[in-house]
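File shown: target.tsv (TSV, C-alpha atoms and all ligand atoms).
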```tsv
chain	number	residue	atom	x	y	z
F	1193	MET	CA	-82.75	20.79	78.56
F	1194	SER	CA	-79.65	21.51	80.64
F	1195	LEU	CA	-76.73	23.07	78.79
F	1196	LYS	CA	-74.30	22.19	81.55
F	1197	PRO	CA	-71.76	19.42	80.97
F	1198	ASN	CA	-72.31	16.19	82.88
F	1199	LEU	CA	-70.20	15.30	85.90
F	1200	GLN	CA	-70.26	12.11	87.92
F	1201	VAL	CA	-69.42	12.26	91.63
F	1202	VAL	CA	-69.03	8.73	92.99
F	1203	LYS	CA	-68.54	7.72	96.61
F	1204	ILE	CA	-67.15	4.30	97.50
F	1205	GLY	CA	-67.51	2.98	101.02
F	1206	GLY	CA	-65.10	1.26	103.36
F	1207	ASN	CA	-66.67	-2.19	103.23
F	1208	VAL	CA	-65.93	-2.39	99.50
F	1209	ILE	CA	-62.44	-0.91	99.89
F	1210	ASP	CA	-61.72	-3.68	102.40
F	1211	ASN	CA	-62.54	-6.33	99.77
F	1212	PRO	CA	-59.70	-6.40	97.16
F	1213	SER	CA	-61.61	-8.15	94.35
F	1214	ALA	CA	-64.74	-6.01	94.84
F	1215	LEU	CA	-62.58	-2.87	94.85
F	1216	ALA	CA	-60.69	-3.92	91.71
F	1217	SER	CA	-63.92	-4.55	89.84
F	1218	PHE	CA	-65.43	-1.24	91.04
F	1219	LEU	CA	-62.32	0.73	89.99
F	1220	THR	CA	-62.44	-0.86	86.53
F	1221	ASP	CA	-66.05	0.33	86.17
F	1222	PHE	CA	-65.19	3.80	87.53
F	1223	ALA	CA	-62.23	4.13	85.15
F	1224	SER	CA	-64.46	3.37	82.19
F	1225	LEU	CA	-67.17	5.93	83.04
F	1226	GLU	CA	-67.46	8.44	80.21
F	1227	GLY	CA	-66.83	12.13	80.86
F	1228	PRO	CA	-65.59	14.11	83.87
F	1229	LYS	CA	-65.68	12.30	87.20
F	1230	ILE	CA	-64.65	12.55	90.82
F	1231	LEU	CA	-64.21	9.71	93.29
F	1232	VAL	CA	-64.61	10.15	97.04
F	1233	HIS	CA	-63.57	7.21	99.17
F	1234	GLY	CA	-64.19	6.22	102.75
F	1235	GLY	CA	-62.28	3.59	104.66
F	1236	GLY	CA	-63.87	3.61	108.11
F	1237	LYS	CA	-63.67	-0.16	108.43
F	1238	ILE	CA	-59.92	-0.24	107.72
F	1239	ALA	CA	-59.27	2.64	110.15
F	1240	THR	CA	-61.18	0.72	112.84
F	1241	GLN	CA	-59.08	-2.40	112.13
F	1242	MET	CA	-55.84	-0.39	112.18
F	1243	ALA	CA	-56.79	1.25	115.48
F	1244	ALA	CA	-57.69	-2.15	116.97
F	1245	SER	CA	-54.33	-3.57	115.89
F	1246	MET	CA	-52.76	-0.74	117.92
F	1247	GLY	CA	-54.96	-1.52	120.92
F	1248	ILE	CA	-57.20	1.52	120.36
F	1249	GLU	CA	-60.96	1.10	120.48
F	1250	SER	CA	-63.08	3.08	117.98
F	1251	GLN	CA	-66.32	4.81	118.89
F	1252	LEU	CA	-68.86	5.68	116.21
F	1253	ILE	CA	-72.08	7.57	116.96
F	1254	GLU	CA	-74.71	7.48	114.17
F	1255	GLY	CA	-71.97	6.52	111.71
F	1256	ARG	CA	-69.59	9.32	112.73
F	1257	ARG	CA	-66.26	8.57	114.38
F	1258	VAL	CA	-65.33	10.19	117.68
F	1259	THR	CA	-61.82	11.35	116.76
F	1260	ASN	CA	-59.20	12.16	119.39
F	1261	GLU	CA	-55.63	13.22	118.61
F	1262	GLU	CA	-54.44	9.64	118.33
F	1263	SER	CA	-57.27	8.53	116.06
F	1264	LEU	CA	-56.82	11.66	113.90
F	1265	ARG	CA	-53.28	10.47	113.17
F	1266	ILE	CA	-54.52	6.99	112.36
F	1267	VAL	CA	-57.34	8.11	110.05
F	1268	THR	CA	-55.05	10.55	108.24
F	1269	MET	CA	-52.47	7.82	107.62
F	1270	VAL	CA	-55.09	5.29	106.57
F	1271	TYR	CA	-57.37	7.49	104.40
F	1272	ALA	CA	-54.97	10.08	102.93
F	1273	GLY	CA	-52.04	7.67	102.78
F	1274	TRP	CA	-52.57	3.98	102.19
F	1275	ILE	CA	-56.11	3.97	100.76
F	1276	ASN	CA	-55.88	7.14	98.66
F	1277	LYS	CA	-52.52	6.28	97.10
F	1278	SER	CA	-53.53	2.65	96.44
F	1279	ILE	CA	-56.70	3.77	94.63
F	1280	VAL	CA	-54.85	6.43	92.60
F	1281	ALA	CA	-52.17	3.91	91.57
F	1282	ASP	CA	-54.84	1.36	90.57
F	1283	LEU	CA	-56.73	3.98	88.52
F	1284	GLN	CA	-53.53	5.10	86.80
F	1285	ALA	CA	-52.89	1.45	85.86
F	1286	LEU	CA	-56.38	1.50	84.31
F	1287	SER	CA	-55.43	4.61	82.27
F	1288	CYS	CA	-57.65	6.89	84.37
F	1289	ASN	CA	-55.64	10.04	85.07
F	1290	SER	CA	-56.52	10.30	88.74
F	1291	LEU	CA	-55.12	12.81	91.19
F	1292	GLY	CA	-55.25	12.05	94.92
F	1293	LEU	CA	-56.42	14.89	97.17
F	1294	THR	CA	-57.55	15.77	100.66
F	1295	GLY	CA	-59.45	18.93	101.61
F	1296	PRO	CA	-56.40	21.17	102.13
F	1297	ASP	CA	-54.72	20.15	98.83
F	1298	GLY	CA	-55.16	23.15	96.55
F	1299	GLY	CA	-57.30	24.74	99.26
F	1300	ILE	CA	-60.29	22.94	97.77
F	1301	VAL	CA	-62.24	22.04	100.93
F	1302	VAL	CA	-62.27	24.07	104.15
F	1303	SER	CA	-63.98	22.75	107.24
F	1304	LYS	CA	-64.69	23.84	110.79
F	1305	LYS	CA	-64.32	21.73	113.92
F	1306	ARG	CA	-67.71	20.55	115.01
F	1307	ALA	CA	-69.02	22.15	118.22
F	1308	ALA	CA	-68.54	19.99	121.31
F	1309	GLN	CA	-72.28	20.15	122.10
F	1310	PRO	CA	-74.45	18.07	122.21
F	1311	ILE	CA	-71.84	15.41	121.39
F	1312	ASP	CA	-68.09	16.03	121.45
F	1313	TYR	CA	-66.78	14.25	118.35
F	1314	GLY	CA	-63.27	15.67	118.83
F	1315	PHE	CA	-61.33	16.40	115.64
F	1316	VAL	CA	-64.27	16.10	113.27
F	1317	GLY	CA	-64.83	18.76	110.64
F	1318	ASP	CA	-67.99	20.07	109.00
F	1319	ILE	CA	-67.38	21.49	105.52
F	1320	ILE	CA	-67.89	25.25	105.29
F	1321	HIS	CA	-66.42	25.99	101.84
F	1322	VAL	CA	-65.57	24.23	98.58
F	1323	ASN	CA	-63.40	26.05	96.06
F	1324	ALA	CA	-65.38	24.88	93.04
F	1325	SER	CA	-63.34	26.85	90.49
F	1326	SER	CA	-60.03	25.24	91.56
F	1327	LEU	CA	-61.67	21.83	91.42
F	1328	SER	CA	-63.22	22.56	88.01
F	1329	GLY	CA	-59.76	23.62	86.84
F	1330	LEU	CA	-58.38	20.18	87.66
F	1331	ILE	CA	-61.30	18.50	85.91
F	1332	THR	CA	-60.89	20.71	82.84
F	1333	ALA	CA	-57.18	19.85	82.81
F	1334	GLY	CA	-58.21	16.20	82.40
F	1335	PHE	CA	-57.72	14.89	85.92
F	1336	SER	CA	-60.16	12.67	87.83
F	1337	PRO	CA	-59.78	13.89	91.43
F	1338	VAL	CA	-59.83	11.18	94.12
F	1339	PHE	CA	-60.67	12.60	97.56
F	1340	ALA	CA	-59.82	11.11	100.94
F	1341	PRO	CA	-62.18	12.20	103.76
F	1342	ILE	CA	-59.65	14.40	105.54
F	1343	THR	CA	-60.07	18.17	105.62
F	1344	ALA	CA	-58.51	21.10	107.49
F	1345	ASP	CA	-59.84	24.29	109.04
F	1346	ALA	CA	-58.62	27.79	108.18
F	1347	SER	CA	-55.87	27.55	110.84
F	1348	GLY	CA	-54.47	24.33	109.37
F	1349	GLN	CA	-55.93	21.90	111.89
F	1350	LEU	CA	-56.57	18.55	110.18
F	1351	LEU	CA	-60.08	17.22	110.74
F	1352	ASN	CA	-61.76	13.89	110.06
F	1353	THR	CA	-64.80	14.32	107.81
F	1354	ASN	CA	-67.48	11.80	106.93
F	1355	ALA	CA	-66.83	10.66	103.35
F	1356	ASP	CA	-70.54	10.71	102.45
F	1357	THR	CA	-70.63	14.37	103.50
F	1358	MET	CA	-67.54	15.14	101.46
F	1359	ALA	CA	-69.19	13.65	98.35
F	1360	GLN	CA	-72.37	15.63	99.01
F	1361	ALA	CA	-70.50	18.93	99.48
F	1362	LEU	CA	-68.40	18.46	96.33
F	1363	ALA	CA	-71.46	17.49	94.29
F	1364	ILE	CA	-73.45	20.53	95.46
F	1365	ALA	CA	-70.55	22.95	94.93
F	1366	LEU	CA	-70.07	21.73	91.35
F	1367	SER	CA	-73.76	21.69	90.50
F	1368	SER	CA	-73.78	25.34	89.40
F	1369	ALA	CA	-71.30	24.53	86.63
F	1370	TYR	CA	-72.20	20.88	85.92
F	1371	ASP	CA	-75.20	18.61	85.65
F	1372	VAL	CA	-74.12	16.40	88.55
F	1373	THR	CA	-74.99	12.76	89.19
F	1374	LEU	CA	-74.04	11.63	92.71
F	1375	THR	CA	-73.79	7.88	93.28
F	1376	TYR	CA	-73.19	6.33	96.67
F	1377	CYS	CA	-71.72	2.86	96.07
F	1378	PHE	CA	-71.54	0.37	98.92
F	1379	GLU	CA	-71.83	-3.36	99.61
F	1380	LYS	CA	-75.64	-3.62	99.59
F	1381	LYS	CA	-78.02	-3.35	96.61
F	1382	GLY	CA	-79.52	-0.13	97.98
F	1383	VAL	CA	-81.47	0.90	101.05
F	1384	LEU	CA	-83.16	-2.27	102.27
F	1385	LEU	CA	-86.60	-2.55	103.86
F	1386	ASP	CA	-85.37	-5.63	105.68
F	1387	PRO	CA	-81.62	-5.31	106.35
F	1388	ALA	CA	-81.44	-9.13	106.44
F	1389	ASP	CA	-82.95	-9.48	102.94
F	1390	ASP	CA	-80.61	-8.23	100.26
F	1391	ASP	CA	-83.43	-8.19	97.70
F	1392	SER	CA	-85.74	-5.88	99.68
F	1393	VAL	CA	-84.41	-2.74	97.96
F	1394	ILE	CA	-86.48	0.42	98.45
F	1395	SER	CA	-86.60	1.95	94.97
F	1396	SER	CA	-87.14	5.56	96.02
F	1397	ILE	CA	-86.75	7.66	99.20
F	1398	ASN	CA	-87.88	11.23	99.91
F	1399	PRO	CA	-87.61	13.30	103.14
F	1400	ALA	CA	-90.92	12.00	104.56
F	1401	SER	CA	-90.18	8.34	103.87
F	1402	PHE	CA	-86.67	8.75	105.33
F	1403	GLN	CA	-88.14	10.06	108.59
F	1404	ASP	CA	-90.51	7.12	108.69
F	1405	LEU	CA	-87.73	4.57	108.00
F	1406	LYS	CA	-85.59	6.20	110.69
F	1407	ASP	CA	-88.45	6.21	113.24
F	1408	LYS	CA	-89.09	2.51	112.58
F	1409	GLY	CA	-85.39	1.68	112.98
F	1410	ILE	CA	-85.22	0.33	109.41
F	1411	VAL	CA	-82.29	2.63	108.61
F	1412	SER	CA	-79.56	2.82	111.23
F	1413	ALA	CA	-75.84	3.35	111.79
F	1414	GLY	CA	-73.93	4.66	108.74
F	1415	MET	CA	-77.09	4.64	106.63
F	1416	ILE	CA	-78.43	7.64	108.57
F	1417	PRO	CA	-75.70	10.15	107.57
F	1418	LYS	CA	-75.62	8.61	104.08
F	1419	LEU	CA	-79.32	9.34	103.51
F	1420	GLU	CA	-79.14	12.76	105.18
F	1421	ASN	CA	-76.37	13.66	102.75
F	1422	ALA	CA	-78.21	12.19	99.78
F	1423	LEU	CA	-81.35	14.21	100.61
F	1424	LYS	CA	-79.36	17.39	101.12
F	1425	ALA	CA	-77.68	16.95	97.72
F	1426	ILE	CA	-80.95	16.45	95.81
F	1427	SER	CA	-82.50	19.49	97.47
F	1428	ALA	CA	-79.48	21.71	96.71
F	1429	GLY	CA	-79.02	21.39	92.95
F	1430	VAL	CA	-77.61	17.91	92.29
F	1431	SER	CA	-79.56	16.41	89.38
F	1432	VAL	CA	-79.54	12.71	90.26
F	1433	VAL	CA	-78.71	10.97	93.56
F	1434	ARG	CA	-78.61	7.18	93.85
F	1435	LEU	CA	-77.43	4.56	96.34
F	1436	CYS	CA	-76.40	1.23	94.84
F	1437	HIS	CA	-74.16	-1.81	95.06
F	1438	ALA	CA	-70.59	-1.12	93.94
F	1439	ASP	CA	-71.10	-3.71	91.17
F	1440	ASN	CA	-73.95	-1.61	89.74
F	1441	LEU	CA	-72.22	1.73	89.20
F	1442	GLN	CA	-72.83	1.55	85.46
F	1443	LYS	CA	-76.42	0.23	85.78
F	1444	VAL	CA	-78.14	3.59	86.20
F	1445	ASP	CA	-81.66	2.32	86.99
F	1446	ILE	CA	-80.70	-0.05	89.81
F	1447	GLY	CA	-80.63	0.76	93.53
F	1448	THR	CA	-82.37	3.44	95.62
F	1449	LYS	CA	-83.12	6.77	93.95
F	1450	ILE	CA	-83.41	9.88	96.12
F	1451	SER	CA	-86.10	12.48	95.48
F	1452	ALA	CA	-86.67	15.90	97.02
S	1	LIG	N1	-81.99	-0.19	105.78
S	1	LIG	C1	-80.69	-0.37	105.49
S	1	LIG	N2	-80.34	-0.78	104.24
S	1	LIG	C2	-79.05	-0.99	103.92
S	1	LIG	N3	-78.03	-0.81	104.78
S	1	LIG	C3	-78.31	-0.38	106.03
S	1	LIG	C4	-79.65	-0.14	106.43
S	1	LIG	N4	-79.64	0.30	107.72
S	1	LIG	C5	-78.37	0.29	108.11
S	1	LIG	N5	-77.56	-0.10	107.12
S	1	LIG	C6	-76.13	-0.21	107.23
S	1	LIG	O1	-75.54	0.89	106.61
S	1	LIG	C7	-74.29	0.46	106.09
S	1	LIG	C8	-73.82	1.46	105.08
S	1	LIG	O2	-73.32	2.61	105.76
S	1	LIG	P1	-71.77	2.71	106.03
S	1	LIG	O3	-71.30	1.58	106.87
S	1	LIG	O4	-71.46	4.09	106.49
S	1	LIG	O5	-71.29	2.46	104.55
S	1	LIG	P2	-70.02	2.91	103.77
S	1	LIG	O6	-68.85	2.70	104.68
S	1	LIG	O7	-70.05	2.01	102.60
S	1	LIG	O8	-70.24	4.33	103.45
S	1	LIG	C9	-74.55	-0.91	105.57
S	1	LIG	O9	-73.40	-1.70	105.55
S	1	LIG	C10	-75.57	-1.45	106.56
S	1	LIG	O10	-74.93	-2.21	107.55
S	2	LIG	C1	-66.09	11.86	110.93
S	2	LIG	C2	-66.16	10.49	110.35
S	2	LIG	O1	-67.00	9.69	110.76
S	2	LIG	N1	-65.31	10.18	109.39
S	2	LIG	C3	-65.28	8.89	108.78
S	2	LIG	C4	-64.46	9.00	107.52
S	2	LIG	C5	-64.36	7.70	106.77
S	2	LIG	C6	-65.65	7.27	106.17
S	2	LIG	O2	-66.62	8.02	106.07
S	2	LIG	O3	-65.60	5.99	105.72
S	2	LIG	P1	-66.81	5.11	105.17
S	2	LIG	O4	-67.39	5.81	104.00
S	2	LIG	O5	-66.13	3.86	104.80
S	2	LIG	O6	-67.80	4.95	106.28
S	2	LIG	C7	-64.67	7.84	109.73
S	2	LIG	O7	-63.59	8.08	110.26
S	2	LIG	O8	-65.23	6.74	109.81
```

Any chance you could put this one into structure tokens?
Ligand SMILES: Nc1ncnc2c1ncn2[C@@H]1O[C@H](COP(=O)(O)OP(=O)(O)O)[C@@H](O)[C@H]1O
Ligand SMILES: CC(=O)N[C@@H](CCC(=O)OP(=O)(O)O)C(=O)O
Amino acid sequence: MSLKPNLQVVKIGGNVIDNPSALASFLTDFASLEGPKILVHGGGKIATQMAASMGIESQLIEGRRVTNEESLRIVTMVYAGWINKSIVADLQALSCNSLGLTGPDGGIVVSKKRAAQPIDYGFVGDIIHVNASSLSGLITAGFSPVFAPITADASGQLLNTNADTMAQALAIALSSAYDVTLTYCFEKKGVLLDPADDDSVISSINPASFQDLKDKGIVSAGMIPKLENALKAISAGVSVVRLCHADNLQKVDIGTKISA
């Protein structure tokens, strides 16, 4: 039996954030989770809408945004500003002592600009370090950190980072001190065998079945990085990894469970 304390790392996706009543209900469930917890949020859909309203087209390749200087400003304002502060204020109103953060706050997450080959994603960062002891310090002090998917490199360059990856990296970094459960919440009931049938949830996925689902085109777009991150987390020390509907955060047996 593990002697480590439990920690929940929860990721909430942009399609839920863009739906006020779904977000409110999810935040109520998150606030009432027992024990230490971290929330990582996305917001890709809202950033795409904001860019479009400014006449800027967004390009996503396999769920990752090609980020030029202009879109870096937009995503930073949208994720680290509007979305992060709205979520923190809502959680505070629910008596959850949340603290809004990005990678560079407290030096907690350091990333590196992704190489321009084979695809130049621009200002997109891959996480190279998580300061787990600083983050544990905030948790021990009673805060529930709420991370926006913005990081910075060692020279201070802000970088856009996939929110699913941020959740994975935080969960892995904390798994030496905590028994971590990582839950990816989104607007579907789990990974679906037939994307058109919301009840065709695949109950369990491992590396071999992921490859097969990818080859058959059953998983596509943002689901590819989500599952790559989920598989990485389960193979690197995270105890439980699950993908589920945002309404089912508290229903631990529902959704798609990831195995190594
Ligand atoms: N087999 C699948 N099952 C469920 N969703 C899938 C599947 N394949 C692709 N998707 C897409 O993946 C999306 C989830 O990824 P993403 O848009 O990145 O979510 P989020 O923004 O919530 O992190 C779903 O909205 C769905 O359109
Ligand atoms: C590099 C990269 O792709 N960053 C993501 C960060 C937001 C995100 O991941 O949002 P969702 O969870 O809502 O998809 C993006 O800009 O779309």

Given only C-alpha atoms and all ligand atoms as the basis, pick out the residue of F:Gly1292, F:Gly1227, F:Pro1387, F:Gly1298 nearest to ligand LIG 1 (chain S).
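So, comparing all the options, the nearest one is F:Pro1387.
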
Any idea what the distance is between CA of Thr1294 in chain F and CA of Ala1340 in chain F?
5.2 Å

Proximity check chain F to ligand LIG 1 (chain S), 10 Å, nearest pairs one decimal Å, all atoms listed in the file, as CSV:
```
residue,atom,partner,partner_atom,distance
F:Lys1203,CA,S:LIG1,O8,7.8
F:Ile1204,CA,S:LIG1,O7,6.3
F:Gly1205,CA,S:LIG1,O7,3.1
F:Gly1206,CA,S:LIG1,O6,4.2
F:Asn1207,CA,S:LIG1,O7,5.4
F:Val1208,CA,S:LIG1,O7,6.8
F:Ile1209,CA,S:LIG1,O7,8.6
F:Asp1210,CA,S:LIG1,O6,9.8
F:His1233,CA,S:LIG1,O8,8.4
F:Gly1234,CA,S:LIG1,O6,6.2
F:Gly1235,CA,S:LIG1,O6,6.6
F:Gly1236,CA,S:LIG1,O6,6.1
F:Lys1237,CA,S:LIG1,O6,7.0
F:Ile1238,CA,S:LIG1,O6,9.9
F:Glu1254,CA,S:LIG1,O4,9.0
F:Gly1255,CA,S:LIG1,O4,5.8
F:Arg1256,CA,S:LIG1,O4,8.4
F:Asn1354,CA,S:LIG1,O4,8.7
F:Ala1355,CA,S:LIG1,O8,7.2
F:Asp1356,CA,S:LIG1,O8,6.5
F:Tyr1376,CA,S:LIG1,O8,7.7
F:Cys1377,CA,S:LIG1,O7,6.8
F:Phe1378,CA,S:LIG1,O7,4.3
F:Glu1379,CA,S:LIG1,O9,6.4
F:Lys1380,CA,S:LIG1,C2,6.1
F:Lys1381,CA,S:LIG1,C2,7.8
F:Gly1382,CA,S:LIG1,C2,6.0
F:Val1383,CA,S:LIG1,N2,3.8
F:Leu1384,CA,S:LIG1,N2,3.7
F:Leu1385,CA,S:LIG1,N1,5.5
F:Asp1386,CA,S:LIG1,N1,6.4
F:Pro1387,CA,S:LIG1,C1,5.1
F:Ala1388,CA,S:LIG1,N2,8.7
F:Asp1389,CA,S:LIG1,N2,9.2
F:Asp1390,CA,S:LIG1,C2,8.3
F:Ser1392,CA,S:LIG1,N2,8.7
F:Val1393,CA,S:LIG1,N2,7.7
F:Ile1394,CA,S:LIG1,N2,8.5
F:Leu1405,CA,S:LIG1,N1,7.8
F:Lys1406,CA,S:LIG1,N1,8.8
F:Gly1409,CA,S:LIG1,N4,7.9
F:Ile1410,CA,S:LIG1,N1,4.9
F:Val1411,CA,S:LIG1,N4,3.6
F:Ser1412,CA,S:LIG1,C5,4.2
F:Ala1413,CA,S:LIG1,C5,5.4
F:Gly1414,CA,S:LIG1,O4,3.4
F:Met1415,CA,S:LIG1,O1,4.1
F:Ile1416,CA,S:LIG1,C5,7.4
F:Pro1417,CA,S:LIG1,O4,7.5
F:Lys1418,CA,S:LIG1,O4,6.6
F:Leu1419,CA,S:LIG1,O2,9.3
F:Leu1435,CA,S:LIG1,C2,9.5
F:Cys1436,CA,S:LIG1,C2,9.7
F:His1437,CA,S:LIG1,O7,9.4
F:Ala1438,CA,S:LIG1,O7,9.2
F:Thr1448,CA,S:LIG1,N2,9.8
```

Could those residues be written to a file, using C-alpha atoms, as a compact mmCIF listing (two decimals), keeping the file's coordinate frame?
```txt
# COMPACT_ATOMS: atom_id res chain seq x y z
CA LYS F 1203 -68.54 7.72 96.61
CA ILE F 1204 -67.15 4.30 97.50
CA GLY F 1205 -67.51 2.98 101.02
CA GLY F 1206 -65.10 1.26 103.36
CA ASN F 1207 -66.67 -2.19 103.23
CA VAL F 1208 -65.93 -2.39 99.50
CA ILE F 1209 -62.44 -0.91 99.89
CA ASP F 1210 -61.72 -3.68 102.40
CA HIS F 1233 -63.57 7.21 99.17
CA GLY F 1234 -64.19 6.22 102.75
CA GLY F 1235 -62.28 3.59 104.66
CA GLY F 1236 -63.87 3.61 108.11
CA LYS F 1237 -63.67 -0.16 108.43
CA ILE F 1238 -59.92 -0.24 107.72
CA GLU F 1254 -74.71 7.48 114.17
CA GLY F 1255 -71.97 6.52 111.71
CA ARG F 1256 -69.59 9.32 112.73
CA ASN F 1354 -67.48 11.80 106.93
CA ALA F 1355 -66.83 10.66 103.35
CA ASP F 1356 -70.54 10.71 102.45
CA TYR F 1376 -73.19 6.33 96.67
CA CYS F 1377 -71.72 2.86 96.07
CA PHE F 1378 -71.54 0.37 98.92
CA GLU F 1379 -71.83 -3.36 99.61
CA LYS F 1380 -75.64 -3.62 99.59
CA LYS F 1381 -78.02 -3.35 96.61
CA GLY F 1382 -79.52 -0.13 97.98
CA VAL F 1383 -81.47 0.90 101.05
CA LEU F 1384 -83.16 -2.27 102.27
CA LEU F 1385 -86.60 -2.55 103.86
CA ASP F 1386 -85.37 -5.63 105.68
CA PRO F 1387 -81.62 -5.31 106.35
CA ALA F 1388 -81.44 -9.13 106.44
CA ASP F 1389 -82.95 -9.48 102.94
CA ASP F 1390 -80.61 -8.23 100.26
CA SER F 1392 -85.74 -5.88 99.68
CA VAL F 1393 -84.41 -2.74 97.96
CA ILE F 1394 -86.48 0.42 98.45
CA LEU F 1405 -87.73 4.57 108.00
CA LYS F 1406 -85.59 6.20 110.69
CA GLY F 1409 -85.39 1.68 112.98
CA ILE F 1410 -85.22 0.33 109.41
CA VAL F 1411 -82.29 2.63 108.61
CA SER F 1412 -79.56 2.82 111.23
CA ALA F 1413 -75.84 3.35 111.79
CA GLY F 1414 -73.93 4.66 108.74
CA MET F 1415 -77.09 4.64 106.63
CA ILE F 1416 -78.43 7.64 108.57
CA PRO F 1417 -75.70 10.15 107.57
CA LYS F 1418 -75.62 8.61 104.08
CA LEU F 1419 -79.32 9.34 103.51
CA LEU F 1435 -77.43 4.56 96.34
CA CYS F 1436 -76.40 1.23 94.84
CA HIS F 1437 -74.16 -1.81 95.06
CA ALA F 1438 -70.59 -1.12 93.94
CA THR F 1448 -82.37 3.44 95.62
```

Pick from F:Lys1443, F:His1321, F:Lys1305, F:Arg1265, whichever lies nearest to Ala1243 in chain F using all atoms listed in the file
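Looking at the shortest contact to Ala1243 in chain F, the residue is F:Arg1265.
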
Please indicate the distance in Å from CA of Thr1353 in chain F to CA of Ile1300 in chain F, rounded to one decimal place.
14.0 Å

Between CA of Gly1334 in chain F and atom O4 of ligand LIG 2 (chain S), what is the distance in Å, rounded to a tenth?
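Pair CA of Gly1334 in chain F / atom O4 of ligand LIG 2 (chain S) returns 25.7 Å.
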
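Of the residues listed (F:Gln1284, F:Ala1363, F:Ile1331, F:Arg1257), F:Arg1257 shows the shortest atom-to-atom separation from Gly1317 in chain F; distances use only C-alpha atoms.
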
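Minimum atom-to-atom distance to ligand LIG 2 (chain S), evaluated using only C-alpha atoms and all ligand atoms, belongs to F:Asn1421 out of F:Gln1200, F:Ser1395, F:Asn1421, F:Ser1325.
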
Using all atoms listed in the file, the shortest atom-to-atom distance to ligand LIG 2 (chain S) among F:Thr1259, F:Asn1211, F:Gln1309, F:Thr1373 belongs to F:Thr1259

Nearest to Ser1224 in chain F, restricted to only C-alpha atoms and choosing among F:Ala1452, F:Met1358, F:Ala1307, F:Cys1288, comes out as F:Cys1288

Counting all atoms listed in the file, find residues at most 6 Å from (-59.5, 18.8, 113.2) (file frame) and give them as a PyMOL selection string.
chain F and resi 1305+1315-1317+1349-1351

Could you please take those selected residues and save C-alpha atoms as a compact mmCIF listing (two decimals), in the frame of the given file?
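Okay, result-v3.txt is ready:
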```txt
# COMPACT_ATOMS: atom_id res chain seq x y z
CA LYS F 1305 -64.32 21.73 113.92
CA PHE F 1315 -61.33 16.40 115.64
CA VAL F 1316 -64.27 16.10 113.27
CA GLY F 1317 -64.83 18.76 110.64
CA GLN F 1349 -55.93 21.90 111.89
CA LEU F 1350 -56.57 18.55 110.18
CA LEU F 1351 -60.08 17.22 110.74
```

Please provide the set of residues having any atom within 12 Å of Ser1367 in chain F, restricted to only C-alpha atoms, with same-chain residues fewer than 2 positions apart removed, written as a ChimeraX atom specification.
/F:1194,1196-1201,1322,1324-1325,1328,1360-1365,1369-1374,1425-1432

Centre and edge lengths, as JSON, for the axis-aligned box enclosing every listed atom of ligand LIG 2 (chain S) with 6 Å of padding on each of the six sides, in Å to one decimal?
```
{"center_x": -65.7, "center_y": 7.9, "center_z": 107.5, "size_x": 16.2, "size_y": 20.0, "size_z": 18.9}
```

Need the neighbours of (-60.6, 3.2, 117.8): which residues are at most 10 Å away, counting all atoms listed in the file, as a ChimeraX atom specification?
/F:1239-1252,1257-1260,1262-1263,1266-1267

Test item: residues at most 8 Å from Phe1218 in chain F, all atoms listed in the file, excluding those fewer than 3 positions along its chain, as a PDB file with C-alpha atoms, in the frame of the given file:
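Below is the file selection.pdb, written as the result:
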```pdb
ATOM      1  CA  ALA F1214     -64.740  -6.010  94.840  1.00  0.00           C
ATOM      2  CA  LEU F1215     -62.580  -2.870  94.850  1.00  0.00           C
ATOM      3  CA  ASP F1221     -66.050   0.330  86.170  1.00  0.00           C
ATOM      4  CA  PHE F1222     -65.190   3.800  87.530  1.00  0.00           C
ATOM      5  CA  ALA F1438     -70.590  -1.120  93.940  1.00  0.00           C
ATOM      6  CA  ASP F1439     -71.100  -3.710  91.170  1.00  0.00           C
ATOM      7  CA  LEU F1441     -72.220   1.730  89.200  1.00  0.00           C
TER       8      LEU F1441
END
```
